[in-house]
$ cat data.txt   # compact mmCIF, C-alpha atoms
# COMPACT_ATOMS: atom_id res chain seq x y z
CA MET A 1 -30.65 0.15 6.50
CA SER A 2 -28.82 -2.73 4.82
CA LEU A 3 -25.42 -2.52 3.17
CA GLU A 4 -27.11 -3.04 -0.20
CA THR A 5 -29.07 0.22 0.20
CA LEU A 6 -26.35 2.22 1.94
CA PRO A 7 -25.94 5.53 0.06
CA GLU A 8 -22.60 6.52 -1.40
CA PRO A 9 -20.76 9.20 0.59
CA GLU A 10 -21.40 12.82 -0.21
CA ILE A 11 -18.23 14.06 -1.89
CA ASP A 12 -17.13 17.68 -1.98
CA PRO A 13 -16.54 18.31 -5.73
CA GLU A 14 -13.36 20.28 -5.08
CA ARG A 15 -12.02 17.57 -2.78
CA SER A 16 -13.00 14.70 -5.09
CA ALA A 17 -10.99 16.18 -7.96
CA THR A 18 -7.77 15.29 -6.16
CA GLU A 19 -8.61 12.92 -3.32
CA LEU A 20 -8.26 9.18 -3.86
CA ILE A 21 -8.36 7.68 -0.35
CA ARG A 22 -10.23 8.93 2.71
CA LEU A 23 -10.50 7.41 6.17
CA GLU A 24 -13.00 9.09 8.48
CA GLN A 25 -13.24 8.36 12.21
CA VAL A 26 -11.80 4.89 11.66
CA THR A 27 -11.36 2.82 14.80
CA LYS A 28 -9.88 -0.69 14.94
CA ARG A 29 -9.59 -2.76 18.07
CA PHE A 30 -7.99 -6.11 18.76
CA GLY A 31 -9.58 -7.26 21.98
CA ASP A 32 -9.14 -4.49 24.54
CA HIS A 33 -6.34 -2.87 22.52
CA THR A 34 -7.29 0.07 20.29
CA VAL A 35 -4.92 0.06 17.31
CA LEU A 36 -6.55 2.92 15.39
CA ASP A 37 -8.35 5.59 17.36
CA ARG A 38 -10.92 7.66 15.39
CA LEU A 39 -8.41 8.13 12.61
CA ASP A 40 -8.96 10.76 9.92
CA PHE A 41 -6.67 11.16 6.96
CA SER A 42 -6.72 11.32 3.17
CA VAL A 43 -4.37 10.73 0.24
CA ASP A 44 -4.58 12.67 -3.01
CA ALA A 45 -4.34 10.91 -6.36
CA GLY A 46 -0.82 10.52 -7.67
CA LYS A 47 0.81 11.36 -4.35
CA HIS A 48 3.34 9.28 -2.45
CA VAL A 49 2.55 9.21 1.26
CA THR A 50 4.74 7.48 3.84
CA LEU A 51 3.60 6.39 7.28
CA ILE A 52 6.28 6.38 9.95
CA GLY A 53 6.20 5.72 13.67
CA PRO A 54 6.98 3.07 16.27
CA SER A 55 5.94 -0.56 15.87
CA GLY A 56 2.36 -1.09 16.99
CA SER A 57 1.23 2.44 16.16
CA GLY A 58 -1.31 1.24 13.59
CA LYS A 59 0.51 1.82 10.30
CA THR A 60 0.23 -1.70 8.85
CA THR A 61 -3.35 -1.99 10.11
CA ILE A 62 -4.30 0.87 7.77
CA LEU A 63 -2.92 -1.06 4.80
CA ARG A 64 -4.74 -4.21 5.89
CA LEU A 65 -8.02 -2.30 6.11
CA LEU A 66 -7.54 -0.91 2.60
CA MET A 67 -6.79 -4.41 1.32
CA THR A 68 -9.94 -5.70 3.08
CA LEU A 69 -7.81 -8.15 5.07
CA ALA A 70 -9.43 -6.65 8.17
CA LYS A 71 -12.51 -4.53 8.86
CA PRO A 72 -12.72 -1.41 10.99
CA ASP A 73 -14.93 -1.46 14.05
CA GLU A 74 -16.14 2.07 13.34
CA GLY A 75 -15.80 4.73 10.67
CA THR A 76 -15.81 4.82 6.88
CA ILE A 77 -13.22 4.19 4.17
CA THR A 78 -13.65 5.64 0.68
CA VAL A 79 -11.52 4.95 -2.41
CA ALA A 80 -11.94 6.92 -5.65
CA GLY A 81 -15.30 8.24 -4.47
CA GLN A 82 -16.70 4.78 -3.72
CA ARG A 83 -17.23 3.41 -0.26
CA LEU A 84 -14.97 0.49 0.62
CA TYR A 85 -16.35 0.16 4.14
CA PRO A 86 -19.11 -0.22 5.04
CA ALA A 87 -20.36 -1.50 1.68
CA PRO A 88 -21.99 -4.57 0.11
CA GLU A 89 -19.59 -7.35 -0.82
CA LYS A 90 -19.97 -6.83 -4.58
CA GLN A 91 -18.93 -3.20 -4.25
CA VAL A 92 -16.04 -4.11 -1.95
CA ARG A 93 -14.69 -6.48 -4.63
CA GLU A 94 -14.92 -3.79 -7.30
CA VAL A 95 -13.22 -1.12 -5.19
CA ARG A 96 -10.59 -3.62 -4.09
CA LYS A 97 -9.49 -4.03 -7.74
CA LYS A 98 -8.17 -0.46 -7.61
CA ILE A 99 -5.66 -1.40 -4.89
CA GLY A 100 -2.47 -3.45 -5.05
CA MET A 101 -0.17 -4.37 -2.19
CA VAL A 102 3.40 -5.57 -1.75
CA PHE A 103 3.82 -7.38 1.56
CA GLN A 104 6.74 -7.85 3.93
CA GLN A 105 6.79 -11.51 2.98
CA PHE A 106 6.67 -12.17 -0.75
CA ASN A 107 3.61 -14.49 -0.67
CA LEU A 108 4.38 -15.98 -4.08
CA PHE A 109 2.88 -19.31 -5.12
CA PRO A 110 5.81 -21.76 -4.96
CA ASN A 111 4.14 -24.27 -7.32
CA MET A 112 3.75 -21.68 -10.11
CA SER A 113 6.31 -20.16 -12.42
CA VAL A 114 7.22 -16.50 -12.06
CA LEU A 115 5.14 -15.70 -15.15
CA ARG A 116 2.09 -17.55 -13.80
CA ASN A 117 2.42 -15.80 -10.43
CA ILE A 118 2.04 -12.48 -12.23
CA THR A 119 -0.71 -13.47 -14.67
CA GLU A 120 -3.00 -15.44 -12.35
CA ALA A 121 -4.83 -12.48 -10.79
CA PRO A 122 -5.28 -10.44 -14.01
CA VAL A 123 -6.79 -13.52 -15.69
CA THR A 124 -9.00 -14.73 -12.84
CA VAL A 125 -9.96 -11.40 -11.25
CA LEU A 126 -9.90 -8.92 -14.14
CA GLY A 127 -10.87 -11.43 -16.82
CA LEU A 128 -7.91 -10.58 -19.05
CA ASP A 129 -7.12 -12.83 -21.98
CA ARG A 130 -4.15 -14.98 -21.00
CA ASP A 131 -2.05 -13.82 -23.96
CA GLU A 132 -2.62 -10.20 -22.99
CA ALA A 133 -1.85 -10.97 -19.36
CA GLU A 134 1.38 -12.72 -20.31
CA ALA A 135 2.45 -9.83 -22.54
CA ARG A 136 1.85 -7.42 -19.65
CA ALA A 137 3.73 -9.72 -17.26
CA ARG A 138 6.77 -9.91 -19.57
CA GLU A 139 6.87 -6.11 -19.82
CA LEU A 140 6.79 -5.85 -16.04
CA LEU A 141 9.47 -8.49 -15.58
CA ASP A 142 11.65 -6.48 -17.94
CA LEU A 143 10.88 -3.37 -15.86
CA VAL A 144 11.99 -5.08 -12.63
CA GLY A 145 15.08 -6.61 -14.25
CA LEU A 146 13.91 -10.23 -14.34
CA ALA A 147 13.05 -10.75 -18.00
CA ASP A 148 15.02 -14.01 -18.03
CA LYS A 149 13.17 -15.52 -15.04
CA CYS A 150 9.73 -16.12 -16.59
CA ASP A 151 9.89 -19.90 -16.25
CA ALA A 152 11.72 -20.03 -12.91
CA ARG A 153 10.01 -21.10 -9.70
CA PRO A 154 10.09 -18.56 -6.86
CA THR A 155 12.06 -20.93 -4.63
CA ARG A 156 14.97 -20.68 -7.07
CA LEU A 157 15.16 -16.90 -6.74
CA SER A 158 16.91 -14.77 -4.16
CA GLY A 159 14.85 -12.78 -1.67
CA GLY A 160 15.44 -9.59 -3.61
CA GLN A 161 14.34 -11.24 -6.84
CA GLN A 162 11.21 -12.62 -5.19
CA GLN A 163 10.29 -9.17 -3.92
CA ARG A 164 10.75 -7.79 -7.44
CA VAL A 165 8.34 -10.44 -8.71
CA ALA A 166 5.89 -9.44 -5.98
CA ILE A 167 6.13 -5.80 -7.12
CA ALA A 168 5.53 -6.85 -10.73
CA ARG A 169 2.55 -8.95 -9.61
CA ALA A 170 0.99 -5.96 -7.84
CA LEU A 171 1.54 -3.68 -10.85
CA ALA A 172 0.04 -6.27 -13.23
CA MET A 173 -3.40 -5.42 -11.85
CA ARG A 174 -2.84 -1.78 -12.90
CA PRO A 175 -4.01 -0.50 -9.53
CA GLN A 176 -4.69 3.14 -8.82
CA VAL A 177 -3.15 2.69 -5.37
CA LEU A 178 -0.03 0.72 -4.47
CA LEU A 179 0.41 -0.20 -0.80
CA LEU A 180 3.93 -1.00 0.38
CA ASP A 181 4.30 -2.70 3.76
CA GLU A 182 7.91 -2.77 4.97
CA VAL A 183 8.87 -4.33 1.65
CA THR A 184 12.56 -4.65 2.55
CA SER A 185 12.21 -5.98 6.10
CA ALA A 186 12.55 -9.64 5.05
CA LEU A 187 15.58 -9.02 2.81
CA ASP A 188 19.25 -9.46 3.53
CA PRO A 189 20.90 -6.02 3.87
CA GLU A 190 22.79 -6.28 0.58
CA LEU A 191 19.49 -6.78 -1.31
CA VAL A 192 17.66 -3.80 0.15
CA ALA A 193 19.18 -1.09 -2.04
CA GLY A 194 18.16 -2.76 -5.31
CA VAL A 195 14.51 -3.09 -4.31
CA LEU A 196 14.37 0.49 -3.01
CA ASP A 197 15.96 1.79 -6.21
CA LEU A 198 13.29 -0.04 -8.22
CA LEU A 199 10.51 1.53 -6.16
CA ARG A 200 12.10 4.96 -6.56
CA ASP A 201 12.04 4.45 -10.34
CA ILE A 202 8.37 3.44 -10.24
CA ALA A 203 7.50 6.43 -8.07
CA ARG A 204 9.26 8.84 -10.43
CA SER A 205 8.08 7.34 -13.72
CA THR A 206 4.39 6.60 -13.03
CA ASP A 207 1.38 8.47 -11.69
CA ILE A 208 0.42 5.64 -9.35
CA THR A 209 -0.60 6.66 -5.84
CA MET A 210 1.61 5.10 -3.16
CA LEU A 211 0.94 4.55 0.51
CA CYS A 212 4.08 3.25 2.15
CA VAL A 213 4.95 1.91 5.60
CA THR A 214 8.71 1.82 6.11
CA HIS A 215 11.54 2.22 8.60
CA GLU A 216 13.86 3.17 5.72
CA MET A 217 13.94 6.88 6.43
CA ASN A 218 16.19 7.85 3.52
CA PHE A 219 13.77 6.09 1.17
CA ALA A 220 10.83 7.91 2.78
CA ARG A 221 12.64 11.22 2.35
CA ASP A 222 13.37 10.49 -1.32
CA ILE A 223 9.97 9.34 -2.60
CA SER A 224 7.41 11.04 -0.37
CA ASP A 225 5.23 14.03 -1.08
CA GLN A 226 3.90 13.78 2.46
CA VAL A 227 5.02 11.99 5.63
CA LEU A 228 2.62 11.09 8.45
CA MET A 229 3.95 10.41 11.93
CA PHE A 230 1.83 7.88 13.83
CA ASP A 231 1.67 7.20 17.52
CA SER A 232 -0.96 5.26 19.46
CA GLY A 233 -3.26 4.89 16.47
CA ARG A 234 -3.38 8.55 15.48
CA VAL A 235 -1.56 10.93 13.18
CA ILE A 236 0.29 13.27 15.49
CA GLU A 237 2.16 15.22 12.79
CA SER A 238 2.17 15.47 9.01
CA GLY A 239 4.14 17.46 6.50
CA THR A 240 6.63 17.39 3.68
CA PRO A 241 9.72 15.19 4.10
CA GLU A 242 11.82 18.33 4.55
CA LYS A 243 9.59 19.53 7.37
CA ILE A 244 9.21 16.19 9.18
CA PHE A 245 12.83 15.09 8.95
CA SER A 246 14.52 18.47 9.38
CA ASP A 247 12.20 20.49 11.60
CA PRO A 248 9.48 18.38 13.26
CA GLU A 249 7.11 20.18 15.60
CA LYS A 250 6.27 17.37 18.02
CA ASP A 251 8.61 16.08 20.71
CA ARG A 252 7.41 12.52 19.99
CA THR A 253 8.41 12.87 16.33
CA ARG A 254 11.85 14.17 17.28
CA GLU A 255 12.26 11.33 19.78
CA PHE A 256 11.31 8.71 17.19
CA LEU A 257 13.54 10.11 14.46
CA GLY A 258 16.42 10.40 16.91
CA ALA A 259 16.14 6.68 17.54
CA VAL A 260 15.94 5.57 13.88
CA LEU A 261 18.15 8.03 11.99
$ encode --input "data.txt" --output "structure tokens"
Amino acid sequence: MSLETLPEPEIDPERSATELIRLEQVTKRFGDHTVLDRLDFSVDAGKHVTLIGPSGSGKTTILRLLMTLAKPDEGTITVAGQRLYPAPEKQVREVRKKIGMVFQQFNLFPNMSVLRNITEAPVTVLGLDRDEAEARARELLDLVGLADKCDARPTRLSGGQQQRVAIARALAMRPQVLLLDEVTSALDPELVAGVLDLLRDIARSTDITMLCVTHEMNFARDISDQVLMFDSGRVIESGTPEKIFSDPEKDRTREFLGAVL
């Protein structure tokens, strides 16, 4: 059976009413190293889910799979009831439009203005009229506190300002899912609080679904509906922030939190 004729997954109607992302038996290897090991987990629409765990446990790999920057070796990934993997390329592109990501590094185009960095994808990928895209970009720049930086080049901005532009750029696509990959790890310590406060505001004021990888445990406690503890490519514990941070069940979770808190 080819990817073009691959049937869509059978979705439980009760589950599909709330579920936005599902990974089933997902395995990812790099050479002989298994990064994700038959991973199963799901994220409900509108929820904020944070992935915690030691470096190398597979957290960022999950985000890269959802962004189609990598492909799983086994398993299926479904977003909003449509298969993301395995799927024909045309379908992958359509599903991918539902997902935005903010990276550790800002990945802004240095030769473009801040405004153009934000409007380029909505115009070229979504086919938005440039005037509409620019109006949306200006609203988002106002939201992230950079309304006066439309014409600036990214290289003239601080790290915190560049990350705010990157957040605005992701939101400009109006994604259903926002992926956050250690978004403060490249920032100087004095810039971290401002970016985290912005993300808290977005989490509280929108219905966007968030999947976040972070070592900022206070931030995870504040914004999360659910926290997943990863180790060796698997979820070893999940629960509310109160449960995970105050009364974890697994020794490995307590050991990890004892080292980072």
$ closest_residue --input "data.txt" --among "A:Arg164, A:Lys97, A:Arg22, A:Arg169" --to "Val192 of chain A" --atoms "only C-alpha atoms"
A:Arg164
$ closest_residue --input "data.txt" --among "A:Lys98, A:Pro241, A:Ser246, A:Ser232" --to "His33 of chain A" --atoms "all atoms listed in the file"
A:Ser232
$ closest_residue --input "data.txt" --among "A:Ile52, A:Glu182, A:Leu146, A:Gln176" --to "Ser158 of chain A" --atoms "all atoms listed in the file"
A:Leu146
$ residues_around --input "data.txt" --residues "Met210 of chain A" --least-positions-apart "6" --cutoff "6 Å" --atoms "only C-alpha atoms" --output "JSON, numbers by chain"
{"A": [48, 177, 178, 179]}
$ closest_atom_pairs --input "data.txt" --of "segment 172-196 of chain A" --to "segment 131-136 of chain A" --cutoff "12 Å" --atoms "all atoms listed in the file" --output "JSON lines"
{"residue": "A:Ala172", "atom": "CA", "partner": "A:Arg136", "partner_atom": "CA", "distance": 6.8}
{"residue": "A:Met173", "atom": "CA", "partner": "A:Ala133", "partner_atom": "CA", "distance": 9.5}
{"residue": "A:Arg174", "atom": "CA", "partner": "A:Arg136", "partner_atom": "CA", "distance": 10.0}
$ closest_residue --input "data.txt" --among "A:Gly239, A:Gly160, A:Pro122, A:Gly31" --to "Thr50 of chain A" --atoms "only C-alpha atoms"
A:Gly239
$ atom_distance --input "data.txt" --atom1 "atom CA of Ser42 of chain A" --atom2 "atom CA of Leu65 of chain A"
14.0 Å
$ closest_residue --input "data.txt" --among "A:Leu23, A:Val213, A:Ala137, A:Val49" --to "Ser238 of chain A" --atoms "only C-alpha atoms"
A:Val49
$ closest_residue --input "data.txt" --among "A:Ala203, A:Thr124, A:Gln163, A:Leu115" --to "Leu141 of chain A" --atoms "only C-alpha atoms"
A:Leu115
$ axis_aligned_box --input "data.txt" --around "segment 67-84 of chain A" --padding-each-side "4 Å" --output "JSON"
{"center_x": -12.0, "center_y": 0.0, "center_z": 4.2, "size_x": 18.4, "size_y": 24.4, "size_z": 27.7}
$ decode --input "data.txt" --residues "segment 110-131 of chain A" --atoms "N, CA, C and O atoms" --output "PDB file, in the first residue's frame"
ATOM      1  N   PRO A 110      18.523  37.284   9.011  1.00  0.00           N
ATOM      2  CA  PRO A 110      19.217  38.533   9.337  1.00  0.00           C
ATOM      3  C   PRO A 110      19.099  39.597   8.257  1.00  0.00           C
ATOM      4  O   PRO A 110      19.248  40.791   8.543  1.00  0.00           O
ATOM      5  N   ASN A 111      18.824  39.198   7.014  1.00  0.00           N
ATOM      6  CA  ASN A 111      18.734  40.158   5.907  1.00  0.00           C
ATOM      7  C   ASN A 111      17.336  40.744   5.750  1.00  0.00           C
ATOM      8  O   ASN A 111      17.096  41.558   4.857  1.00  0.00           O
ATOM      9  N   MET A 112      16.397  40.332   6.593  1.00  0.00           N
ATOM     10  CA  MET A 112      15.023  40.839   6.531  1.00  0.00           C
ATOM     11  C   MET A 112      14.706  41.662   7.758  1.00  0.00           C
ATOM     12  O   MET A 112      15.232  41.409   8.845  1.00  0.00           O
ATOM     13  N   SER A 113      13.812  42.617   7.599  1.00  0.00           N
ATOM     14  CA  SER A 113      13.341  43.386   8.741  1.00  0.00           C
ATOM     15  C   SER A 113      12.541  42.486   9.667  1.00  0.00           C
ATOM     16  O   SER A 113      12.130  41.374   9.296  1.00  0.00           O
ATOM     17  N   VAL A 114      12.306  42.977  10.887  1.00  0.00           N
ATOM     18  CA  VAL A 114      11.471  42.245  11.834  1.00  0.00           C
ATOM     19  C   VAL A 114      10.094  41.973  11.233  1.00  0.00           C
ATOM     20  O   VAL A 114       9.571  40.851  11.305  1.00  0.00           O
ATOM     21  N   LEU A 115       9.501  42.988  10.609  1.00  0.00           N
ATOM     22  CA  LEU A 115       8.171  42.825  10.019  1.00  0.00           C
ATOM     23  C   LEU A 115       8.184  41.750   8.939  1.00  0.00           C
ATOM     24  O   LEU A 115       7.295  40.885   8.896  1.00  0.00           O
ATOM     25  N   ARG A 116       9.186  41.761   8.091  1.00  0.00           N
ATOM     26  CA  ARG A 116       9.263  40.779   7.001  1.00  0.00           C
ATOM     27  C   ARG A 116       9.503  39.373   7.550  1.00  0.00           C
ATOM     28  O   ARG A 116       8.979  38.388   7.016  1.00  0.00           O
ATOM     29  N   ASN A 117      10.272  39.256   8.625  1.00  0.00           N
ATOM     30  CA  ASN A 117      10.469  37.951   9.245  1.00  0.00           C
ATOM     31  C   ASN A 117       9.132  37.334   9.661  1.00  0.00           C
ATOM     32  O   ASN A 117       8.954  36.120   9.568  1.00  0.00           O
ATOM     33  N   ILE A 118       8.222  38.170  10.120  1.00  0.00           N
ATOM     34  CA  ILE A 118       6.938  37.669  10.613  1.00  0.00           C
ATOM     35  C   ILE A 118       5.950  37.427   9.477  1.00  0.00           C
ATOM     36  O   ILE A 118       5.140  36.497   9.537  1.00  0.00           O
ATOM     37  N   THR A 119       6.015  38.213   8.418  1.00  0.00           N
ATOM     38  CA  THR A 119       5.027  38.097   7.339  1.00  0.00           C
ATOM     39  C   THR A 119       5.406  37.094   6.267  1.00  0.00           C
ATOM     40  O   THR A 119       4.540  36.645   5.504  1.00  0.00           O
ATOM     41  N   GLU A 120       6.658  36.698   6.180  1.00  0.00           N
ATOM     42  CA  GLU A 120       7.104  35.879   5.053  1.00  0.00           C
ATOM     43  C   GLU A 120       6.347  34.559   4.962  1.00  0.00           C
ATOM     44  O   GLU A 120       5.856  34.177   3.892  1.00  0.00           O
ATOM     45  N   ALA A 121       6.236  33.825   6.066  1.00  0.00           N
ATOM     46  CA  ALA A 121       5.561  32.529   6.025  1.00  0.00           C
ATOM     47  C   ALA A 121       4.056  32.650   5.783  1.00  0.00           C
ATOM     48  O   ALA A 121       3.499  31.906   4.958  1.00  0.00           O
ATOM     49  N   PRO A 122       3.339  33.560   6.458  1.00  0.00           N
ATOM     50  CA  PRO A 122       1.912  33.693   6.147  1.00  0.00           C
ATOM     51  C   PRO A 122       1.636  34.023   4.675  1.00  0.00           C
ATOM     52  O   PRO A 122       0.655  33.543   4.108  1.00  0.00           O
ATOM     53  N   VAL A 123       2.516  34.809   4.056  1.00  0.00           N
ATOM     54  CA  VAL A 123       2.320  35.163   2.648  1.00  0.00           C
ATOM     55  C   VAL A 123       2.651  33.989   1.737  1.00  0.00           C
ATOM     56  O   VAL A 123       1.883  33.633   0.838  1.00  0.00           O
ATOM     57  N   THR A 124       3.810  33.369   1.957  1.00  0.00           N
ATOM     58  CA  THR A 124       4.271  32.331   1.035  1.00  0.00           C
ATOM     59  C   THR A 124       3.648  30.960   1.297  1.00  0.00           C
ATOM     60  O   THR A 124       3.441  30.187   0.361  1.00  0.00           O
ATOM     61  N   VAL A 125       3.345  30.658   2.547  1.00  0.00           N
ATOM     62  CA  VAL A 125       2.803  29.333   2.884  1.00  0.00           C
ATOM     63  C   VAL A 125       1.280  29.343   2.945  1.00  0.00           C
ATOM     64  O   VAL A 125       0.613  28.462   2.391  1.00  0.00           O
ATOM     65  N   LEU A 126       0.704  30.349   3.609  1.00  0.00           N
ATOM     66  CA  LEU A 126      -0.748  30.408   3.752  1.00  0.00           C
ATOM     67  C   LEU A 126      -1.427  31.159   2.617  1.00  0.00           C
ATOM     68  O   LEU A 126      -2.646  31.082   2.461  1.00  0.00           O
ATOM     69  N   GLY A 127      -0.639  31.915   1.835  1.00  0.00           N
ATOM     70  CA  GLY A 127      -1.211  32.674   0.732  1.00  0.00           C
ATOM     71  C   GLY A 127      -1.944  33.922   1.161  1.00  0.00           C
ATOM     72  O   GLY A 127      -2.797  34.445   0.430  1.00  0.00           O
ATOM     73  N   LEU A 128      -1.619  34.453   2.342  1.00  0.00           N
ATOM     74  CA  LEU A 128      -2.259  35.671   2.819  1.00  0.00           C
ATOM     75  C   LEU A 128      -1.845  36.874   1.969  1.00  0.00           C
ATOM     76  O   LEU A 128      -0.718  36.949   1.486  1.00  0.00           O
ATOM     77  N   ASP A 129      -2.776  37.783   1.795  1.00  0.00           N
ATOM     78  CA  ASP A 129      -2.457  39.064   1.185  1.00  0.00           C
ATOM     79  C   ASP A 129      -1.430  39.779   2.064  1.00  0.00           C
ATOM     80  O   ASP A 129      -1.518  39.739   3.289  1.00  0.00           O
ATOM     81  N   ARG A 130      -0.451  40.425   1.434  1.00  0.00           N
ATOM     82  CA  ARG A 130       0.631  41.020   2.220  1.00  0.00           C
ATOM     83  C   ARG A 130       0.125  42.085   3.188  1.00  0.00           C
ATOM     84  O   ARG A 130       0.616  42.195   4.312  1.00  0.00           O
ATOM     85  N   ASP A 131      -0.868  42.868   2.781  1.00  0.00           N
ATOM     86  CA  ASP A 131      -1.402  43.886   3.692  1.00  0.00           C
ATOM     87  C   ASP A 131      -2.018  43.242   4.933  1.00  0.00           C
ATOM     88  O   ASP A 131      -1.829  43.727   6.054  1.00  0.00           O
TER      89      ASP A 131
END
